[in-house]
Every structure is written in C-alpha cells, then in structure tokens.
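Participant: So that you have it, the file is upload03.cif, and it contains mmCIF, C-alpha atoms and all ligand atoms:
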```cif
data_start
loop_
_atom_site.label_atom_id
_atom_site.label_comp_id
_atom_site.auth_asym_id
_atom_site.auth_seq_id
_atom_site.Cartn_x
_atom_site.Cartn_y
_atom_site.Cartn_z
CA MET A 52 7.72 -15.37 -21.44
CA SER A 53 10.72 -16.39 -23.48
CA ASP A 54 13.22 -13.53 -23.15
CA LEU A 55 13.19 -12.10 -19.63
CA ASN A 56 15.71 -9.35 -20.44
CA GLU A 57 13.43 -7.96 -23.13
CA ALA A 58 10.25 -8.19 -21.08
CA SER A 59 8.55 -4.91 -20.21
CA SER A 60 6.36 -4.15 -17.21
CA GLN A 61 3.34 -4.62 -19.52
CA ASP A 62 4.59 -8.07 -20.57
CA PHE A 63 4.90 -9.04 -16.92
CA GLY A 64 1.44 -7.61 -16.29
CA ARG A 65 -0.08 -9.82 -19.00
CA ALA A 66 1.86 -12.87 -17.80
CA ILE A 67 0.71 -12.27 -14.20
CA ASP A 68 -2.91 -11.99 -15.36
CA ALA A 69 -2.60 -15.28 -17.25
CA LEU A 70 -1.17 -17.07 -14.20
CA ARG A 71 -3.86 -15.62 -11.93
CA THR A 72 -6.52 -16.99 -14.29
CA GLU A 73 -4.81 -20.38 -14.35
CA LEU A 74 -4.47 -20.59 -10.55
CA GLY A 75 -8.04 -19.37 -10.07
CA ARG A 76 -9.50 -19.82 -6.60
CA ASP A 77 -6.32 -21.46 -5.30
CA LEU A 78 -4.65 -18.04 -5.27
CA VAL A 79 -5.27 -14.78 -3.42
CA ILE A 80 -2.89 -11.82 -3.72
CA VAL A 81 -2.99 -9.17 -1.01
CA GLY A 82 -1.02 -5.94 -0.89
CA HIS A 83 -0.32 -2.99 1.39
CA HIS A 84 -1.43 0.45 0.21
CA TYR A 85 2.24 1.51 -0.15
CA GLN A 86 2.78 -0.91 -3.05
CA ALA A 87 3.40 0.63 -6.46
CA ASP A 88 0.50 0.86 -8.94
CA ASP A 89 1.87 -1.89 -11.19
CA ILE A 90 1.54 -4.30 -8.25
CA VAL A 91 -1.74 -2.95 -6.87
CA ALA A 92 -3.21 -3.61 -10.35
CA HIS A 93 -2.84 -7.35 -9.65
CA VAL A 94 -3.92 -7.68 -6.03
CA ASP A 95 -7.28 -9.07 -4.91
CA HIS A 96 -7.28 -7.03 -1.69
CA THR A 97 -5.40 -3.93 -0.55
CA GLY A 98 -5.35 -2.73 3.04
CA ASP A 99 -3.39 -1.13 5.82
CA SER A 100 -1.64 -3.28 8.43
CA LEU A 101 -4.75 -3.81 10.54
CA GLU A 102 -7.08 -4.51 7.61
CA LEU A 103 -4.63 -7.00 6.10
CA ALA A 104 -4.18 -8.84 9.42
CA ARG A 105 -7.96 -9.03 9.90
CA MET A 106 -8.62 -10.30 6.39
CA ILE A 107 -6.23 -13.29 6.46
CA GLU A 108 -8.54 -15.59 8.46
CA GLY A 109 -11.35 -15.03 5.94
CA ILE A 110 -9.22 -16.11 2.97
CA LYS A 111 -9.81 -19.70 1.88
CA ALA A 112 -7.29 -19.97 -0.99
CA ARG A 113 -4.41 -22.47 -0.68
CA HIS A 114 -1.84 -19.90 -1.80
CA ILE A 115 -1.64 -16.37 -0.33
CA VAL A 116 0.88 -14.07 -1.99
CA PHE A 117 1.68 -11.09 0.20
CA CYS A 118 2.90 -7.91 -1.48
CA GLY A 119 4.36 -5.87 1.36
CA VAL A 120 7.27 -6.11 3.77
CA HIS A 121 8.55 -9.10 5.73
CA PHE A 122 6.84 -8.50 9.10
CA MET A 123 3.45 -8.22 7.34
CA ALA A 124 3.92 -11.54 5.55
CA GLU A 125 5.03 -13.12 8.85
CA SER A 126 1.82 -11.91 10.52
CA ALA A 127 -0.17 -13.35 7.60
CA ARG A 128 1.66 -16.69 8.00
CA LEU A 129 0.85 -16.62 11.70
CA LEU A 130 -2.85 -16.04 11.11
CA ALA A 131 -3.30 -18.30 8.05
CA ALA A 132 -4.46 -21.94 8.40
CA ALA A 133 -1.88 -24.75 8.55
CA ASP A 134 -2.83 -26.03 5.08
CA GLN A 135 -2.35 -22.60 3.47
CA ALA A 136 0.97 -21.29 2.15
CA VAL A 137 2.04 -17.64 2.38
CA TYR A 138 4.64 -16.20 -0.01
CA LEU A 139 6.57 -12.93 0.05
CA PRO A 140 7.86 -12.34 -3.52
CA VAL A 141 11.07 -10.62 -2.29
CA LEU A 142 12.35 -11.83 1.09
CA GLU A 143 14.70 -8.82 1.34
CA ALA A 144 11.71 -6.44 1.49
CA ARG A 145 12.10 -5.62 5.19
CA CYS A 146 10.85 -2.72 7.30
CA THR A 147 13.80 -0.57 8.40
CA MET A 148 12.01 0.45 11.59
CA SER A 149 11.17 -3.15 12.49
CA ASP A 150 14.85 -4.04 12.18
CA THR A 151 15.77 -1.55 14.96
CA THR A 152 14.46 -4.00 17.58
CA PRO A 153 16.36 -7.28 17.85
CA ALA A 154 14.44 -9.84 19.96
CA PRO A 155 17.40 -10.77 22.26
CA LEU A 156 17.89 -7.09 23.15
CA LEU A 157 14.18 -6.72 23.90
CA GLU A 158 14.27 -9.82 26.12
CA ALA A 159 17.30 -8.44 28.02
CA MET A 160 15.56 -5.08 28.37
CA MET A 161 12.35 -6.66 29.71
CA THR A 162 14.36 -8.53 32.35
CA ARG A 163 16.11 -5.33 33.33
CA LEU A 164 12.92 -3.27 33.47
CA LYS A 165 11.09 -5.91 35.49
CA SER A 166 13.97 -6.01 38.02
CA THR A 167 12.47 -2.77 39.40
CA GLY A 168 9.56 -4.88 40.67
CA ARG A 169 7.14 -2.95 38.46
CA ARG A 170 4.71 -4.76 36.16
CA ILE A 171 5.84 -3.63 32.71
CA VAL A 172 3.53 -4.50 29.81
CA PRO A 173 5.14 -4.51 26.34
CA LEU A 174 3.07 -3.11 23.47
CA ALA A 175 4.62 -3.77 20.07
CA TYR A 176 3.69 -1.90 16.94
CA VAL A 177 2.86 -4.51 14.30
CA ASN A 178 6.04 -3.35 12.50
CA THR A 179 8.15 -5.86 14.43
CA SER A 180 9.54 -9.32 13.69
CA LEU A 181 7.82 -12.53 14.74
CA ALA A 182 10.62 -13.09 17.29
CA VAL A 183 9.86 -9.71 18.90
CA LYS A 184 6.11 -10.43 18.95
CA ALA A 185 6.91 -13.74 20.68
CA VAL A 186 8.86 -11.92 23.44
CA VAL A 187 5.93 -9.51 23.81
CA GLY A 188 3.40 -12.37 23.98
CA ARG A 189 5.47 -14.20 26.62
CA HIS A 190 5.51 -11.07 28.78
CA GLY A 191 1.71 -10.68 28.61
CA GLY A 192 1.79 -7.88 26.05
CA ALA A 193 0.02 -7.23 22.78
CA VAL A 194 0.45 -5.85 19.27
CA CYS A 195 -1.05 -2.64 17.91
CA THR A 196 -1.24 -0.91 14.54
CA SER A 197 -1.39 2.78 13.76
CA ALA A 198 -5.18 2.40 13.35
CA ASN A 199 -5.77 1.14 16.90
CA ALA A 200 -2.78 2.45 18.89
CA PRO A 201 -4.91 4.61 21.28
CA THR A 202 -7.23 1.69 22.13
CA MET A 203 -4.32 -0.67 22.67
CA LEU A 204 -2.20 1.80 24.68
CA LYS A 205 -5.16 2.41 26.98
CA TRP A 206 -5.60 -1.36 27.33
CA ALA A 207 -1.89 -1.86 28.10
CA LEU A 208 -1.82 0.99 30.66
CA ASP A 209 -4.69 -0.75 32.49
CA GLN A 210 -2.78 -4.08 32.65
CA GLY A 211 0.24 -3.06 34.74
CA ASP A 212 2.33 -0.29 36.27
CA ALA A 213 3.94 0.89 33.03
CA VAL A 214 3.98 0.16 29.30
CA LEU A 215 7.01 -0.41 27.08
CA PHE A 216 5.96 0.83 23.62
CA LEU A 217 8.16 -0.33 20.73
CA PRO A 218 9.80 0.31 18.35
CA ASP A 219 8.39 3.68 17.19
CA HIS A 220 8.81 6.47 19.75
CA ASN A 221 7.00 8.89 17.42
CA LEU A 222 3.86 6.75 17.27
CA GLY A 223 4.20 6.15 21.03
CA ASN A 224 4.46 9.87 21.81
CA ASN A 225 1.68 10.83 19.39
CA THR A 226 -0.62 8.21 20.90
CA ALA A 227 0.24 9.34 24.45
CA ASP A 228 -0.62 12.91 23.39
CA GLN A 229 -4.02 11.67 22.17
CA LEU A 230 -4.66 9.96 25.53
CA GLY A 231 -3.51 13.01 27.48
CA LEU A 232 -0.56 11.25 29.15
CA PRO A 233 1.81 14.09 30.12
CA PRO A 234 5.36 14.17 28.67
CA GLU A 235 6.92 14.00 32.16
CA ARG A 236 5.37 10.52 32.60
CA ARG A 237 7.22 9.24 29.47
CA HIS A 238 10.83 8.14 29.09
CA ILE A 239 12.78 7.19 25.95
CA LEU A 240 15.05 4.24 26.76
CA ASN A 241 18.76 4.28 26.07
CA ILE A 242 19.26 0.87 24.43
CA ARG A 243 23.03 1.21 23.88
CA GLN A 244 25.46 -1.37 25.27
CA GLY A 245 22.83 -4.08 25.53
CA GLY A 246 20.66 -1.94 27.79
CA ASN A 247 23.43 -1.25 30.37
CA GLN A 248 22.93 2.50 29.98
CA VAL A 249 19.25 2.53 30.96
CA ASP A 250 18.34 5.22 33.50
CA MET A 251 16.71 3.01 36.14
CA GLU A 252 15.50 5.95 38.22
CA ALA A 253 13.52 7.29 35.25
CA VAL A 254 12.23 3.78 34.55
CA GLY A 255 10.94 3.57 38.12
CA LYS A 256 8.79 6.69 37.64
CA ALA A 257 7.55 6.57 34.03
CA ALA A 258 4.14 5.28 32.94
CA LEU A 259 5.26 5.01 29.32
CA LEU A 260 8.69 3.73 28.30
CA LEU A 261 9.54 4.25 24.64
CA TRP A 262 11.94 2.28 22.42
CA PRO A 263 14.04 4.78 20.42
CA GLY A 264 13.10 3.51 16.92
CA CYS A 265 11.39 5.43 14.13
CA CYS A 266 10.45 5.20 10.46
CA PRO A 267 13.08 6.93 8.28
CA ILE A 268 10.46 7.53 5.58
CA HIS A 269 8.03 9.43 7.81
CA ALA A 270 10.91 11.24 9.54
CA VAL A 271 11.44 13.35 6.38
CA PHE A 272 8.31 15.42 7.08
CA LYS A 273 9.03 18.70 8.89
CA PRO A 274 6.59 21.33 10.25
CA ASP A 275 7.90 24.04 7.86
CA MET A 276 6.64 21.90 4.95
CA ALA A 277 3.11 22.36 6.31
CA ASP A 278 3.65 26.14 6.54
CA LYS A 279 4.88 26.23 2.96
CA ALA A 280 1.98 24.10 1.69
CA ARG A 281 -0.54 26.43 3.36
CA ARG A 282 1.17 29.48 1.86
CA LEU A 283 1.08 27.96 -1.63
CA HIS A 284 -2.42 26.52 -1.27
CA PRO A 285 -4.49 28.74 1.01
CA GLY A 286 -7.26 26.77 2.70
CA ALA A 287 -5.52 23.40 2.21
CA ARG A 288 -5.75 20.80 4.99
CA VAL A 289 -2.57 18.97 5.96
CA ILE A 290 -2.92 15.37 7.16
CA VAL A 291 -0.07 13.06 8.16
CA HIS A 292 0.63 9.52 9.39
CA PRO A 293 1.29 9.18 13.17
CA GLU A 294 4.77 7.77 12.46
CA CYS A 295 5.72 11.42 11.82
CA THR A 296 7.35 13.36 14.67
CA PRO A 297 5.05 14.92 17.32
CA GLU A 298 6.19 18.35 16.01
CA MET A 299 4.96 17.41 12.52
CA VAL A 300 1.71 15.98 13.87
CA GLY A 301 1.25 19.18 15.89
CA ALA A 302 1.69 21.28 12.74
CA ALA A 303 -0.83 19.20 10.75
CA ASP A 304 -4.62 19.53 10.78
CA ALA A 305 -5.05 15.82 11.46
CA ALA A 306 -3.03 12.61 11.84
CA GLY A 307 -4.08 9.01 11.38
CA SER A 308 -3.37 5.60 9.94
CA THR A 309 -3.27 4.78 6.26
CA SER A 310 -6.97 3.87 6.25
CA PHE A 311 -7.78 7.14 8.06
CA ILE A 312 -5.92 9.11 5.38
CA ILE A 313 -7.80 7.27 2.61
CA ARG A 314 -11.14 8.03 4.30
CA GLN A 315 -10.17 11.70 4.73
CA ALA A 316 -9.51 11.99 0.98
CA GLN A 317 -12.86 10.33 0.21
CA ALA A 318 -14.73 12.66 2.58
CA ALA A 319 -12.96 15.89 1.50
CA PRO A 320 -15.41 18.46 0.07
CA GLU A 321 -15.41 19.02 -3.67
CA GLY A 322 -12.95 21.70 -4.74
CA SER A 323 -10.82 21.39 -1.59
CA THR A 324 -7.07 20.69 -1.34
CA LEU A 325 -5.54 18.03 0.87
CA VAL A 326 -1.79 17.89 1.48
CA VAL A 327 -0.79 14.41 2.63
CA GLY A 328 2.33 13.43 4.57
CA THR A 329 2.86 9.72 4.07
CA GLU A 330 4.40 7.23 1.64
CA ILE A 331 4.41 8.62 -1.90
CA ASN A 332 2.89 5.61 -3.72
CA LEU A 333 -0.28 5.95 -1.66
CA VAL A 334 -0.39 9.74 -2.05
CA ARG A 335 -0.01 9.50 -5.85
CA ARG A 336 -2.83 6.93 -5.99
CA LEU A 337 -5.09 9.26 -4.00
CA THR A 338 -4.16 12.13 -6.33
CA ALA A 339 -5.25 10.08 -9.35
CA ARG A 340 -8.37 8.65 -7.66
CA HIS A 341 -9.74 12.06 -6.67
CA ALA A 342 -8.53 14.11 -9.67
CA GLY A 343 -11.10 16.69 -10.78
CA ARG A 344 -12.93 16.53 -7.44
CA VAL A 345 -10.31 17.07 -4.71
CA GLU A 346 -6.71 18.13 -5.18
CA VAL A 347 -4.51 15.68 -3.24
CA LEU A 348 -0.88 16.81 -3.02
CA PRO A 349 2.18 15.19 -1.41
CA LEU A 350 3.77 17.01 1.55
CA ALA A 351 7.13 15.64 0.27
CA VAL A 352 7.82 13.57 -2.83
CA SER A 353 10.93 11.99 -1.30
CA ALA A 354 8.95 9.82 1.13
CA CYS A 355 9.25 6.54 -0.75
CA CYS A 356 9.62 3.27 1.16
CA SER A 357 12.29 1.54 -0.91
CA ASN A 358 11.56 -1.74 0.85
CA MET A 359 7.88 -1.75 -0.09
CA THR A 360 8.83 -1.05 -3.70
CA LYS A 361 11.24 -3.99 -3.86
CA ILE A 362 8.18 -6.00 -4.94
CA ARG A 363 8.26 -5.48 -8.70
CA PRO A 364 6.06 -7.17 -11.34
CA ALA A 365 8.93 -9.49 -12.34
CA ALA A 366 9.21 -10.81 -8.77
CA LEU A 367 5.43 -11.29 -8.50
CA TRP A 368 5.40 -13.13 -11.83
CA ARG A 369 8.28 -15.41 -10.71
CA THR A 370 6.43 -16.28 -7.51
CA LEU A 371 3.20 -17.12 -9.36
CA ARG A 372 5.07 -19.19 -11.92
CA ALA A 373 6.82 -21.10 -9.13
CA ILE A 374 3.46 -21.74 -7.42
CA ARG A 375 2.03 -23.14 -10.65
CA GLU A 376 5.08 -25.38 -11.05
CA GLY A 377 4.89 -26.55 -7.43
CA ALA A 378 8.36 -25.09 -6.79
CA ALA A 379 7.56 -21.97 -4.75
CA GLN A 380 9.13 -21.57 -1.30
CA PRO A 381 6.45 -20.62 1.24
CA LEU A 382 7.46 -18.36 4.11
CA GLN A 383 8.56 -20.44 7.10
CA ILE A 384 8.23 -19.30 10.69
CA ASP A 385 9.80 -20.65 13.86
CA GLN A 386 7.09 -22.78 15.49
CA ALA A 387 8.45 -22.15 19.01
CA GLN A 388 7.83 -18.42 18.45
CA ALA A 389 4.49 -18.85 16.70
CA GLY A 390 2.45 -19.61 19.84
CA PRO A 391 3.40 -16.57 21.97
CA ALA A 392 3.50 -14.27 18.92
CA ARG A 393 -0.02 -15.37 17.97
CA GLU A 394 -1.15 -14.65 21.54
CA ALA A 395 0.16 -11.06 21.27
CA LEU A 396 -1.53 -10.58 17.90
CA THR A 397 -4.77 -12.20 19.03
CA ARG A 398 -4.96 -9.91 22.08
CA MET A 399 -5.07 -6.99 19.63
CA LEU A 400 -7.66 -8.60 17.35
CA GLN A 401 -9.87 -9.35 20.38
CA GLN A 402 -9.63 -5.80 21.78
CA CYS A 403 -10.32 -4.28 18.36
CA ALA A 404 -12.91 -6.72 16.93
P1 LIG B 501 -0.34 1.28 8.53
O1 LIG B 501 -0.45 0.61 9.90
O2 LIG B 501 -1.00 2.60 8.52
O3 LIG B 501 -0.73 0.36 7.46
O4 LIG B 501 1.20 1.62 8.32
C1 LIG B 501 2.14 0.61 8.17
C2 LIG B 501 3.44 1.18 7.86
O5 LIG B 501 4.40 0.50 7.66
C3 LIG B 501 3.50 2.62 7.83
O6 LIG B 501 4.76 3.03 7.53
FE1 LIG B 502 8.69 0.36 7.71
FE2 LIG B 502 8.59 2.99 7.35
FE3 LIG B 502 8.57 1.38 5.23
FE4 LIG B 502 6.44 1.53 6.86
S1 LIG B 502 7.26 3.16 5.54
S2 LIG B 502 7.37 -0.33 6.04
S3 LIG B 502 7.45 1.81 8.84
S4 LIG B 502 10.25 1.63 6.73
#
```
Will you turn the file into structure tokens for me?
Ligand code: 13P
Ligand code: SF4
Facilitator:
Amino acid sequence: MSDLNEASSQDFGRAIDALRTELGRDLVIVGHHYQADDIVAHVDHTGDSLELARMIEGIKARHIVFCGVHFMAESARLLAAADQAVYLPVLEARCTMSDTTPAPLLEAMMTRLKSTGRRIVPLAYVNTSLAVKAVVGRHGGAVCTSANAPTMLKWALDQGDAVLFLPDHNLGNNTADQLGLPPERRHILNIRQGGNQVDMEAVGKAALLLWPGCCPIHAVFKPDMADKARRLHPGARVIVHPECTPEMVGAADAAGSTSFIIRQAQAAPEGSTLVVGTEINLVRRLTARHAGRVEVLPLAVSACCSNMTKIRPAALWRTLRAIREGAAQPLQIDQAQAGPAREALTRMLQQCA
C-alpha cells in the first residue's frame, strides 16, 4: 500500500490476504477468541489458551504469527520447534493479570513458604510470564488453563502438602469450590513488602494458598447484573468465565472456559436466550453466529480487553510484510528459563492429553 495514512481497515484486509497468499505454507496465523473480528477474519486457527497451546506442536509452517497477548506468544515460542519463528504483532499487548506476578517476588515467596517445612506445589495459570513459569517448573509445579484448572488443582494437591495457585485468586477459589475444598482451608497471601507481611500461621494450616491477582476485565461482572438480565429476559441462562468473582459465578447458571462458553452457545436450544459474562469481542461473535436461532446477549458491554485489541489489521499487515522482506523480529525468550518453563507447561499437557 502506498499511503498508509489513507488506508482503511478494508485496504489492510486486502493487503493481508495478498501477503498470506504469497507466503503460502510458510505462514500460519493463530488467534485467541478475544481478538476483534477484523483480525479473526485472517487467522488460520482460533482457540482458547489450552487449544492454542496444544495446536502449536502440530503446526509445520516456518513462521507462526500469534494474535493474542504476550504470555500466549511466549508459550507458543516455548512449544514451537527451534527452526520455527513466532511473532507477536504488538509486543505491548500484555495481560494485565499476568503482570501482577513478578518472577523475583514469586521466587522469594516460594522460599518463604517452604521455610515452614511444608511441601508447597506452585500451580500457575497460563496467564503468567515465561519467567514465572520457569520458577514454577523449578519448584516441581505445573501450568493450568481455565479449561483444565480442576484437573490440575487436583493433581497439584496430590503432589505435596499445599498448593500455591497464581495469579488469579478468583479462578483459584472457583476451582476449589468445584473440588469441594472448604473456604477455611484456603488463604489469600499478602504479597506486600516483598512478602514480609505473609501470615505464616495461616500458611502453615492452609491447603490452598492464593496469589491476590485477578483479571480487571472479568472483575466488572456483578451478581446484580444476572438478576437484571433474568428480569429483562425471563428464562435466560447466564454463563460466565471462571475469572469472575465467586459471587458472580454463584449467581450464574454455569461457569467455564472460553471453549466451554462457545460449546454452550452451540448446544443452546432454538429460541432460547443466553447471557454471557466474558470478553465482549467473543460475545459479539457468538451473537452474530447464532442470530435467528439463539439470542446471545452480553452481561456487560464494558468488558473489553484493551490489550487483546491492540492487535489491529495495520500491525498484522506490518508483521507479514516484514516476514516477506526477511526483516521481521521473532519473539525471543531467555534460554535459561525455557527448560524449566517447558517442564511446567509439559506437566499440564501430559495430565490433560
Ligand atoms: P481462556 O483460558 O479461557 O482462553 O482465557 C484466557 C484469558 O485470558 C481469559 O481472560
Ligand atoms: Fe489478561 Fe484479563 Fe485480558 Fe484475559 S481478559 S488477557 S486475563 S487482562
């Protein structure tokens, strides 16, 4: 394209299509379900975190462009072959929740928790940096996603005396509820002042220690929204993502991962109404996909992940053009962290084959 300032989203769309044709089998574009429609239109595969992680090893293309947030592209880099390159079109597309857990603080916390003599097994939600996954791998822990959190929490509880679940205390509490682990056996850690404020007595008793992070996007959903939706749409089912608060999950008819929500919409009976509490780009896509058969409504329109939507068609086009010109910068990861991080990720993929 000659004049970038004048280019419209449609121009970028056509230019992306042309580059995809040119790059052919050397290129695969994958994208998370929270990507905007004008990006999803160009991806070869969409998926949730677990599906995307599983699919990387089956991709043979030399160039993998990842439309999502930084930790997802890092996991793809970790799982891709050495002769493949992984690109994230906008490096600043980061997960806010993932950024609440710096690896040095986690390392200090693990040392402190283990000083009790208890065997503490870390279980990291996939929404964490490579450096955090490496700490988790070194301490014998594993990764989980929202789709397999119950399986992985059960696995982790069987490995030691207690589990440190991070960074999302909402997902941790919701998963513990599913497994029937009573609230009095859980403890949310105080991570202030480098971990100096931790209540060691509580740590000595708890079976589940929770990092105090959460997703600001899913935190917008409140139980009264479910009440209002049911008043306005009698008979509607409310389903939400397990990153919502336990109160919100308790007020919903069901909670589950992104892929669970997609399946629920597919399986909903004709003429029914589904009110969905998760990221708005996915909800809008479900609304369009099922229009005329099932009414899919958002629980709140404000739940937009501004990091996911940093990937715009212009950025995707720039990345593809750079690949064609041999000038693209593949995502680099610290090789010292890659080994233990891969161990943590592989433990999950083995448990949930
Ligand atoms: P999924 O694991 O359901 O794909 O969710 C990832 C995520 O970032 C949700 O906010
Ligand atoms: Fe992270 Fe929340 Fe965005 Fe998911 S929706 S990528 S958890 S900030």
Participant: Sorted by chain and rising residue number, list the residues of chain A at most 7 Å from ligand LIG 501 (chain B) (counting only C-alpha atoms and all ligand atoms), each with its closest atom pair and distance in Å to one decimal, as JSON lines.
Facilitator:
```
{"residue": "A:His83", "atom": "CA", "partner": "B:LIG501", "partner_atom": "O3", "distance": 6.9}
{"residue": "A:Asp99", "atom": "CA", "partner": "B:LIG501", "partner_atom": "O3", "distance": 3.5}
{"residue": "A:Ser100", "atom": "CA", "partner": "B:LIG501", "partner_atom": "O3", "distance": 3.9}
{"residue": "A:Leu101", "atom": "CA", "partner": "B:LIG501", "partner_atom": "O1", "distance": 6.2}
{"residue": "A:Asn178", "atom": "CA", "partner": "B:LIG501", "partner_atom": "O5", "distance": 6.4}
{"residue": "A:Thr196", "atom": "CA", "partner": "B:LIG501", "partner_atom": "O1", "distance": 4.9}
{"residue": "A:Ser197", "atom": "CA", "partner": "B:LIG501", "partner_atom": "O1", "distance": 4.5}
{"residue": "A:Ala198", "atom": "CA", "partner": "B:LIG501", "partner_atom": "O1", "distance": 6.1}
{"residue": "A:Cys266", "atom": "CA", "partner": "B:LIG501", "partner_atom": "O6", "distance": 6.8}
{"residue": "A:Glu294", "atom": "CA", "partner": "B:LIG501", "partner_atom": "O6", "distance": 6.8}
{"residue": "A:Ser308", "atom": "CA", "partner": "B:LIG501", "partner_atom": "O2", "distance": 4.1}
{"residue": "A:Thr309", "atom": "CA", "partner": "B:LIG501", "partner_atom": "O2", "distance": 3.9}
{"residue": "A:Ser310", "atom": "CA", "partner": "B:LIG501", "partner_atom": "O2", "distance": 6.5}
```
Participant: Could the centre and edge lengths of an axis-aligned box, enclosing all atoms of range 109-112 of chain A in the file with 6 Å extra on each side, be given in Å to one decimal as JSON?
Facilitator:
```
{"center_x": -9.3, "center_y": -17.5, "center_z": 2.5, "size_x": 16.1, "size_y": 16.9, "size_z": 18.9}
```
Participant: Smallest atom-to-atom distance to ligand LIG 502 (chain B): which of A:Ala373, A:Cys265, A:Val81, A:Cys146, using all atoms listed in the file?
Facilitator: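 Nearest to ligand LIG 502 (chain B): A:Cys146.
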Participant: Go through the chains and note each residue within 9 Å of ligand LIG 502 (chain B), using all atoms listed in the file, then give the set as a ChimeraX atom specification.
Facilitator: /A:85,119-123,144-150,178,219,265-270,294,329-330,354-359
Participant: Report the distance between CA of Gly211 in chain A and CA of His190 in chain A in Å, rounded to one decimal place.
Facilitator: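 Here the two named atoms are 11.3 Å from each other.
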Participant: Got a sec to check which residues sit within 9 Å of (6.6, -19.4, 22.0), counting all atoms listed in the file, and write them as a JSON list (two decimals) with C-alpha atoms, in the coordinates of the input?
Facilitator:
```
[["chain", "number", "residue", "atom", "x", "y", "z"],
["A", 182, "ALA", "CA", 10.62, -13.09, 17.29],
["A", 185, "ALA", "CA", 6.91, -13.74, 20.68],
["A", 186, "VAL", "CA", 8.86, -11.92, 23.44],
["A", 188, "GLY", "CA", 3.40, -12.37, 23.98],
["A", 189, "ARG", "CA", 5.47, -14.20, 26.62],
["A", 385, "ASP", "CA", 9.80, -20.65, 13.86],
["A", 386, "GLN", "CA", 7.09, -22.78, 15.49],
["A", 387, "ALA", "CA", 8.45, -22.15, 19.01],
["A", 388, "GLN", "CA", 7.83, -18.42, 18.45],
["A", 389, "ALA", "CA", 4.49, -18.85, 16.70],
["A", 390, "GLY", "CA", 2.45, -19.61, 19.84],
["A", 391, "PRO", "CA", 3.40, -16.57, 21.97],
["A", 392, "ALA", "CA", 3.50, -14.27, 18.92],
["A", 393, "ARG", "CA", -0.02, -15.37, 17.97]]
```
Participant: Quick one: distance from CA of Leu74 in chain A to CA of Pro381 in chain A in Å, one decimal?
Facilitator: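 One can read the CA of Leu74 in chain A to CA of Pro381 in chain A distance as 16.1 Å.
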Participant: My list of candidates is A:Ala351, A:Lys165, A:Asp304, A:Asn221. Which is closest to Met276 in chain A when distances are computed with only C-alpha atoms?
Facilitator: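 Among A:Ala351, A:Lys165, A:Asp304, A:Asn221, it is A:Ala351 that comes nearest to Met276 in chain A.
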Participant: Under the rule that only C-alpha atoms are counted, which of A:Leu396, A:Ala280, A:Leu139, A:Leu240 is the nearest residue to Ser126 in chain A?
Facilitator: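 Nearest to Ser126 in chain A: A:Leu396.
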Participant: Can you rebuild range 343-357 of chain A with N, CA and C atoms and give it as a PDB file, in the frame of the given file?
Facilitator:
```pdb
ATOM      1  N   GLY A 343      -9.896  16.030 -10.266  1.00  0.00           N
ATOM      2  CA  GLY A 343     -11.100  16.690 -10.780  1.00  0.00           C
ATOM      3  C   GLY A 343     -12.122  16.965  -9.700  1.00  0.00           C
ATOM      4  N   ARG A 344     -11.985  16.311  -8.554  1.00  0.00           N
ATOM      5  CA  ARG A 344     -12.930  16.530  -7.440  1.00  0.00           C
ATOM      6  C   ARG A 344     -12.219  17.195  -6.269  1.00  0.00           C
ATOM      7  N   VAL A 345     -11.114  16.542  -5.831  1.00  0.00           N
ATOM      8  CA  VAL A 345     -10.310  17.070  -4.710  1.00  0.00           C
ATOM      9  C   VAL A 345      -8.857  17.038  -5.161  1.00  0.00           C
ATOM     10  N   GLU A 346      -8.132  18.112  -4.826  1.00  0.00           N
ATOM     11  CA  GLU A 346      -6.710  18.130  -5.180  1.00  0.00           C
ATOM     12  C   GLU A 346      -5.929  17.495  -4.016  1.00  0.00           C
ATOM     13  N   VAL A 347      -5.316  16.335  -4.275  1.00  0.00           N
ATOM     14  CA  VAL A 347      -4.510  15.680  -3.240  1.00  0.00           C
ATOM     15  C   VAL A 347      -3.037  15.854  -3.615  1.00  0.00           C
ATOM     16  N   LEU A 348      -2.287  16.508  -2.723  1.00  0.00           N
ATOM     17  CA  LEU A 348      -0.880  16.810  -3.020  1.00  0.00           C
ATOM     18  C   LEU A 348       0.031  16.157  -1.992  1.00  0.00           C
ATOM     19  N   PRO A 349       1.255  15.755  -2.403  1.00  0.00           N
ATOM     20  CA  PRO A 349       2.180  15.190  -1.410  1.00  0.00           C
ATOM     21  C   PRO A 349       2.857  16.294  -0.598  1.00  0.00           C
ATOM     22  N   LEU A 350       3.043  16.056   0.707  1.00  0.00           N
ATOM     23  CA  LEU A 350       3.770  17.010   1.550  1.00  0.00           C
ATOM     24  C   LEU A 350       5.261  16.963   1.173  1.00  0.00           C
ATOM     25  N   ALA A 351       5.753  15.778   0.777  1.00  0.00           N
ATOM     26  CA  ALA A 351       7.130  15.640   0.270  1.00  0.00           C
ATOM     27  C   ALA A 351       7.177  14.456  -0.683  1.00  0.00           C
ATOM     28  N   VAL A 352       7.779  14.663  -1.855  1.00  0.00           N
ATOM     29  CA  VAL A 352       7.820  13.570  -2.830  1.00  0.00           C
ATOM     30  C   VAL A 352       8.899  12.543  -2.510  1.00  0.00           C
ATOM     31  N   SER A 353       9.805  12.891  -1.590  1.00  0.00           N
ATOM     32  CA  SER A 353      10.930  11.990  -1.300  1.00  0.00           C
ATOM     33  C   SER A 353      10.565  10.843  -0.359  1.00  0.00           C
ATOM     34  N   ALA A 354       9.318  10.835   0.144  1.00  0.00           N
ATOM     35  CA  ALA A 354       8.950   9.820   1.130  1.00  0.00           C
ATOM     36  C   ALA A 354       8.547   8.506   0.462  1.00  0.00           C
ATOM     37  N   CYS A 355       9.527   7.812  -0.068  1.00  0.00           N
ATOM     38  CA  CYS A 355       9.250   6.540  -0.750  1.00  0.00           C
ATOM     39  C   CYS A 355       9.868   5.406   0.065  1.00  0.00           C
ATOM     40  N   CYS A 356       9.076   4.405   0.416  1.00  0.00           N
ATOM     41  CA  CYS A 356       9.620   3.270   1.160  1.00  0.00           C
ATOM     42  C   CYS A 356      10.258   2.305   0.161  1.00  0.00           C
ATOM     43  N   SER A 357      11.579   2.336   0.101  1.00  0.00           N
ATOM     44  CA  SER A 357      12.290   1.540  -0.910  1.00  0.00           C
ATOM     45  C   SER A 357      12.167   0.048  -0.640  1.00  0.00           C
TER      46      SER A 357
END
```
